[in-house]
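K.L.:
Starting off with a structure, shown below.
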Amino acid sequence: MKGIKVAYFNQCDKKRCSGWRMIKLGIAQQVKTFQMKNSIILSPFTNHVISKQDLPIFDRWGIVGVDASWKQIDQRMIKTIFSSGHPRILPFLVAANPVNYGRPTKLNTAEAISAALYIMGRKDLAEELMTPYNYGEEFFRINEERLEAYAAAEDSDSVIDAQMELFRKMEERA
């Protein structure tokens, strides 16, 4: 798929790795650090939340999912990776992958890229990306309310507001 990239660092079991599978299936292009320039780079090391305002960046430069263990990446690597592009963090979502099912914020690379695409307004691409994964439909099912709220938001601040409103509703239900 045009614009979808994975920076694969070979730090996981390839048999269970969604990023590696995306590359092997031709869904994503494998990129090196220097090839991430100007792209949206999904990162837990930023405060800038993905939003529909990022769609022009995606359309021109693409999006990169960094497939690595965040515990194993050192600070120099973090600085190198995220200084060349547009780092974005995802709002609160829940994993549906078999390794982390039901765990908040523990998305794999395919789920993360798919969620970012959905939030930017490319629901069609998000769903297409998740087609090869048997948990793809489940990911959208368990995150439907959140993804719809985030996709309706106009900018990063509005995505954060939507997230806070969803947290408030969860507290009321509990």
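Residue numbering restarts at 1 for every chain of the structure tokens, chains are lettered A, B, ... in their displayed order, and ligands are numbered from 1 as they appear.
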For stretch 121-127 of chain A, work out the shell of residues within 7 Å, counting only C-alpha atoms and skipping chain neighbours fewer than 6 positions away, then give it as a PDB file with C-alpha atoms, in the first residue's frame.

P.N.:
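To be explicit, this is the file written out as around-v3.pdb:
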```pdb
ATOM      1  CA  LYS A  52      -6.900  14.381  10.632  1.00  0.00           C
ATOM      2  CA  SER A 114      -4.288   1.091  11.061  1.00  0.00           C
ATOM      3  CA  ALA A 115      -5.523   3.227  13.959  1.00  0.00           C
ATOM      4  CA  ALA A 151     -11.653  10.551  13.633  1.00  0.00           C
TER       5      ALA A 151
END
```

K.L.:
Hey, what does DSSP flag as alpha helix (DSSP H) within stretch 17-171 of chain A? Can you give it to me as a PyMOL selection string?

P.N.:
chain A and resi 18-24+55-61+75-83+109-119+123-130+136-152+156-171

K.L.:
At a cut-off of 9 Å, using only C-alpha atoms, what residues contact stretch 128-133 of chain A? Leave out same-chain residues fewer than 4 positions from it and give the result as number ranges by chain.

P.N.:
A: 1, 18, 22, 25, 27, 97, 110-111, 113-114, 123-124, 137, 139

K.L.:
Can you tell me how far atom CA of A:Pro87 sits from atom CA of A:Ile41, in Å to one decimal?

P.N.:
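Straight-line distance from atom CA of A:Pro87 to atom CA of A:Ile41 works out to 4.6 Å.
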
K.L.:
Mind checking which residues fall within 6 Å of A:Ser39, counting only C-alpha atoms, ignoring those fewer than 4 positions away in the same chain, and posting them as a VMD selection string?

P.N.:
chain A and resid 61 to 63 85 to 86

K.L.:
Could you tell me how far atom CA of A:Phe92 lies from atom CA of A:Lys24, in Å and to one decimal?

P.N.:
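Between atom CA of A:Phe92 and atom CA of A:Lys24 the gap is 28.5 Å.
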